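Visitor: Here you go, structure-v6.txt (compact mmCIF, C-alpha atoms and all ligand atoms):
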```txt
# COMPACT_ATOMS: atom_id res chain seq x y z
CA MET A 1489 0.00 0.00 0.00
CA LYS A 1490 1.28 3.51 -0.75
CA ILE A 1491 2.32 5.49 2.33
CA GLU A 1492 -0.28 8.23 1.89
CA LYS A 1493 -3.10 5.73 1.44
CA ALA A 1494 -1.87 3.64 4.37
CA TYR A 1495 -1.97 6.66 6.67
CA ASN A 1496 -5.48 7.56 5.49
CA HIS A 1497 -6.41 4.05 6.54
CA TRP A 1498 -4.51 4.22 9.84
CA ALA A 1499 -5.85 7.68 10.82
CA GLY A 1500 -9.00 6.38 12.55
CA GLN A 1501 -7.02 4.31 15.06
CA TYR A 1502 -3.63 6.11 15.12
CA ASP A 1503 -4.33 7.91 18.42
CA THR A 1504 -5.93 4.97 20.19
CA ASN A 1505 -4.22 1.72 19.21
CA LYS A 1506 -1.37 0.30 21.30
CA ASN A 1507 1.79 2.00 20.04
CA LYS A 1508 4.75 2.33 22.39
CA THR A 1509 6.83 4.17 19.80
CA ARG A 1510 4.16 6.87 19.40
CA ASP A 1511 3.88 7.25 23.18
CA LEU A 1512 7.65 7.37 23.72
CA ASP A 1513 8.00 9.96 20.96
CA LYS A 1514 5.50 12.18 22.74
CA ARG A 1515 7.32 11.85 26.06
CA ALA A 1516 10.74 12.49 24.51
CA THR A 1517 9.44 15.46 22.54
CA ILE A 1518 7.87 17.17 25.52
CA GLU A 1519 10.84 16.45 27.76
CA THR A 1520 13.34 17.78 25.22
CA LEU A 1521 11.47 20.76 23.82
CA SER A 1522 10.30 21.99 27.23
CA LYS A 1523 13.83 23.28 27.69
CA PHE A 1524 13.48 25.79 24.83
CA ASP A 1525 11.37 28.82 23.97
CA PHE A 1526 9.74 29.06 20.55
CA ASN A 1527 6.89 31.01 18.98
CA THR A 1528 6.81 29.89 15.37
CA VAL A 1529 6.84 26.18 14.57
CA VAL A 1530 6.75 23.99 11.48
CA GLU A 1531 5.73 20.37 11.94
CA PRO A 1532 6.50 18.24 8.87
CA GLY A 1533 4.49 15.00 9.00
CA SER A 1534 2.23 16.36 11.74
CA GLY A 1535 -0.24 13.46 11.48
CA THR A 1536 -3.18 13.53 13.87
CA GLY A 1537 -1.65 16.41 15.80
CA LYS A 1538 -0.49 14.25 18.71
CA ASN A 1539 2.42 16.64 19.34
CA THR A 1540 0.66 19.74 17.97
CA GLU A 1541 -1.69 19.65 20.96
CA TRP A 1542 1.28 20.22 23.27
CA LEU A 1543 3.15 22.58 20.93
CA ILE A 1544 0.17 24.94 20.82
CA THR A 1545 0.48 25.43 24.58
CA ARG A 1546 3.94 26.90 23.91
CA ALA A 1547 3.84 28.52 20.47
CA GLU A 1548 1.94 31.33 18.79
CA GLN A 1549 1.89 29.92 15.27
CA ILE A 1550 2.22 26.36 13.98
CA LEU A 1551 2.25 25.21 10.38
CA CYS A 1552 1.41 21.51 10.09
CA LEU A 1553 2.48 19.80 6.87
CA ASP A 1554 1.19 16.36 5.92
CA PHE A 1555 0.05 14.57 2.76
CA SER A 1556 -2.56 12.31 4.38
CA GLN A 1557 -6.02 13.88 4.31
CA GLY A 1558 -7.17 11.25 6.84
CA MET A 1559 -4.49 12.24 9.35
CA LEU A 1560 -5.09 15.97 8.75
CA ASP A 1561 -8.84 15.54 9.26
CA LYS A 1562 -8.26 13.78 12.60
CA ALA A 1563 -5.95 16.61 13.69
CA ALA A 1564 -8.47 19.25 12.64
CA GLU A 1565 -11.17 17.52 14.73
CA LYS A 1566 -9.01 17.96 17.83
CA ILE A 1567 -7.28 21.26 17.17
CA THR A 1568 -9.42 24.22 16.26
CA SER A 1569 -7.07 27.00 17.34
CA PRO A 1570 -6.62 29.69 14.67
CA GLN A 1571 -2.94 29.61 15.57
CA VAL A 1572 -2.56 26.26 13.83
CA LYS A 1573 -2.69 25.97 10.05
CA PHE A 1574 -2.94 22.56 8.37
CA ILE A 1575 -1.36 22.31 4.95
CA LYS A 1576 -1.87 19.23 2.77
CA THR A 1577 1.41 18.75 0.97
CA ASP A 1578 4.10 16.27 0.02
CA LEU A 1579 7.28 17.01 1.99
CA ASN A 1580 9.29 16.05 -1.09
CA ARG A 1581 8.11 19.27 -2.74
CA ASP A 1582 8.94 22.87 -1.77
CA TRP A 1583 7.27 23.60 1.56
CA ALA A 1584 4.62 26.36 1.47
CA VAL A 1585 6.24 28.14 4.40
CA PRO A 1586 7.91 31.57 4.31
CA ASN A 1587 11.70 31.46 4.46
CA GLU A 1588 13.17 32.09 7.91
CA PHE A 1589 9.74 31.56 9.49
CA ALA A 1590 10.45 29.02 12.19
CA ASP A 1591 12.02 29.16 15.62
CA LEU A 1592 11.52 25.41 15.68
CA ILE A 1593 10.96 22.63 13.18
CA THR A 1594 9.95 19.37 14.79
CA CYS A 1595 9.74 16.24 12.70
CA ASN A 1596 8.52 13.12 14.51
CA LEU A 1597 8.35 9.55 13.22
CA THR A 1598 8.18 10.81 9.65
CA LEU A 1599 11.64 10.73 8.08
CA GLU A 1600 11.59 6.93 7.89
CA HIS A 1601 9.24 7.45 4.93
CA ILE A 1602 11.51 9.89 3.08
CA LYS A 1603 14.10 8.70 0.59
CA ASN A 1604 15.85 11.97 -0.25
CA LEU A 1605 16.75 13.41 3.15
CA ASP A 1606 18.96 16.10 1.57
CA PHE A 1607 15.85 17.80 0.21
CA ILE A 1608 14.20 17.81 3.65
CA PHE A 1609 17.30 19.26 5.35
CA ASN A 1610 17.57 21.89 2.64
CA GLN A 1611 13.94 22.96 3.12
CA ALA A 1612 14.40 22.97 6.89
CA TYR A 1613 17.47 25.18 6.54
CA LEU A 1614 15.51 27.66 4.38
CA LYS A 1615 12.47 27.76 6.67
CA LEU A 1616 14.35 28.10 9.97
CA LYS A 1617 15.39 31.42 11.43
CA PRO A 1618 19.20 31.69 11.60
CA ASP A 1619 19.20 30.61 15.25
CA GLY A 1620 16.28 28.21 14.85
CA LYS A 1621 16.28 24.59 15.96
CA PHE A 1622 15.47 21.39 14.07
CA PHE A 1623 14.30 18.57 16.33
CA ILE A 1624 14.08 15.08 14.86
CA CYS A 1625 12.66 12.09 16.70
CA GLU A 1626 12.74 8.80 14.82
CA LEU A 1627 12.82 5.03 15.29
CA HIS A 1628 16.13 3.98 16.83
CA PRO A 1629 18.55 2.96 14.03
CA PHE A 1630 18.95 -0.49 15.63
CA LYS A 1631 15.22 -1.01 15.25
CA GLN A 1632 15.51 0.01 11.62
CA TYR A 1633 18.54 -2.26 11.02
CA THR A 1634 16.54 -5.19 12.33
CA GLY A 1635 13.79 -4.34 9.85
CA SER A 1636 11.28 -2.69 12.17
CA LYS A 1637 8.87 -0.35 10.38
CA ALA A 1638 5.75 1.64 11.15
CA LYS A 1639 2.82 -0.79 11.24
CA PHE A 1640 -0.79 -1.09 12.34
CA ASP A 1641 -3.42 -3.81 12.60
CA THR A 1642 -6.28 -4.10 10.13
CA GLU A 1643 -9.09 -6.62 9.77
CA GLY A 1644 -6.95 -8.33 7.14
CA GLY A 1645 -3.82 -8.53 9.33
CA THR A 1646 -0.86 -6.28 10.09
CA GLU A 1647 -0.19 -3.52 7.57
CA GLU A 1648 3.48 -2.51 7.38
CA LEU A 1649 4.45 0.81 5.83
C1 LIG B 1701 3.99 7.96 12.04
S1 LIG B 1701 3.12 9.41 11.51
C2 LIG B 1701 3.75 10.58 12.69
C3 LIG B 1701 2.76 11.67 12.95
C4 LIG B 1701 3.19 12.63 14.06
N1 LIG B 1701 4.38 13.35 13.70
C5 LIG B 1701 3.39 11.87 15.35
O1 LIG B 1701 4.50 11.88 15.88
O2 LIG B 1701 2.42 11.29 15.83
C6 LIG B 1701 3.98 9.92 10.02
C7 LIG B 1701 3.24 11.05 9.30
O3 LIG B 1701 4.08 11.51 8.23
C8 LIG B 1701 3.27 11.75 7.10
N2 LIG B 1701 4.11 11.64 5.90
C9 LIG B 1701 4.91 10.61 5.53
N3 LIG B 1701 5.52 10.88 4.37
C10 LIG B 1701 5.11 12.11 3.99
C11 LIG B 1701 5.37 12.94 2.86
N4 LIG B 1701 6.18 12.56 1.88
N5 LIG B 1701 4.78 14.14 2.80
C12 LIG B 1701 3.92 14.55 3.79
N6 LIG B 1701 3.62 13.81 4.87
C13 LIG B 1701 4.20 12.60 4.97
C14 LIG B 1701 2.18 10.68 7.18
O4 LIG B 1701 1.03 11.04 6.43
C15 LIG B 1701 1.91 10.62 8.68
O5 LIG B 1701 0.90 11.51 9.08
```
As structure tokens, please, write out the structure in this file.

Guide:
Amino acid sequence: MKIEKAYNHWAGQYDTNKNKTRDLDKRATIETLSKFDFNTVVEPGSGTGKNTEWLITRAEQILCLDFSQGMLDKAAEKITSPQVKFIKTDLNRDWAVPNEFADLITCNLTLEHIKNLDFIFNQAYLKLKPDGKFFICELHPFKQYTGSKAKFDTEGGTEEL
């Protein structure tokens, strides 16, 4: 299944199914980013807004980028603040974000789906303020080396992305 379609499918249960990686990411993100101040945030691969809900307690403006309409719809159900803008886009194309916009870019559990990381780092560099921060939280490389991937259960069995 293509990644975008798989996430549309996963969206309905993403927040509620058993997922230790998702929960650990949230803990690590809050623990780490609590140490910094930021007002303007870009969240590539924002998903259902699991981390956006906390980020909005700290930031004035958040731009959420994701290509899954299902995940974006779930996020929009939970987050109605005018300070958050959801943008449906493929991260492999130029991000619709003003240059030097962000104090913080936070990218969580998303880069495992991206082949050309150079493009992502280049966009991040353009969109960050000169003293901005880029936080990345991903599957541990050892998990990746042993073949672990994002996955969820469906009626037809486990769907691996
Ligand atoms: C595992 S979810 C993580 C969501 C959220 N960051 C979190 O930590 O809960 C990965 C997200 O990245 C998005 N994604 C993956 N590849 C993408 C791409 N090329 N362009 C835009 N979004 C992408 C998926 O649609 C999905 O919402």

Visitor: What residues of the protein or nucleic acid chains come within 9 Å of ligand LIG 1701 (chain B) when you use only C-alpha atoms and all ligand atoms? Reply as a PyMOL selection string.

Guide: chain A and resi 1491-1496+1499+1502-1503+1509-1511+1513-1514+1531-1540+1553-1560+1576-1581+1594-1603+1625-1626+1638-1639

Visitor: Would you pick out the contacts of Pro1586 in chain A at 9 Å or less, using all atoms listed in the file, so that residues sharing its chain but fewer than 3 positions from it are not included, and give the list as a list of chain:residue names?

Guide: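 The residues that qualify are A:Trp1583, A:Phe1589, A:Ala1590, A:Leu1614, A:Lys1615.
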
Visitor: So how far away is CA of Lys1508 in chain A from CA of Tyr1633 in chain A, in Å?

Guide: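 Going from CA of Tyr1633 in chain A over to CA of Lys1508 in chain A covers 18.5 Å.
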
Visitor: Taking only C-alpha atoms into account, which of A:Asp1561, A:Glu1548, A:Asp1606, A:Glu1588 comes nearest Gly1620 in chain A?

Guide: A:Glu1588

Visitor: For Gln1571 in chain A, which residue out of A:Thr1504, A:Asn1527, A:Asn1604, A:Ser1522 is the nearest one, using all atoms listed in the file?

Guide: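 Using all atoms listed in the file, the shortest distance to Gln1571 in chain A belongs to A:Asn1527.
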
Visitor: Given the choices A:Leu1521, A:Gly1500, A:Lys1490, A:Asn1587, which gets closest to Asp1641 in chain A if the distance is worked out from all atoms listed in the file?

Guide: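 Of A:Leu1521, A:Gly1500, A:Lys1490, A:Asn1587, the one nearest Asp1641 in chain A, counting all atoms listed in the file, is A:Gly1500.
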
Visitor: I'd like the interatomic distance between CA of Val1572 in chain A and CA of Phe1524 in chain A, to a tenth of an Å.

Guide: 19.5 Å

Visitor: Could you list, as a list in words, every residue within 6 Å of Ile1550 in chain A, counting only C-alpha atoms and ignoring same-chain residues fewer than 2 positions away?

Guide: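 Selected residues are Thr1528, Val1529, Val1530 and Val1572 of chain A.
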
Visitor: Please define a box with edges along x, y and z of the file around all atoms of range 1543-1558 of chain A given in the file, extend it by 4 Å on each side, and return its centre and edge lengths in Å to one decimal, as lines of an AutoDock Vina configuration file.

Guide:
```
center_x = -1.6
center_y = 21.3
center_z = 13.7
size_x = 19.1
size_y = 28.1
size_z = 29.8
```

Visitor: Kindly give the distance, in Å, that separates CA of Leu1592 in chain A and CA of Lys1621 in chain A, rounded to a single decimal.

Guide: 4.8 Å
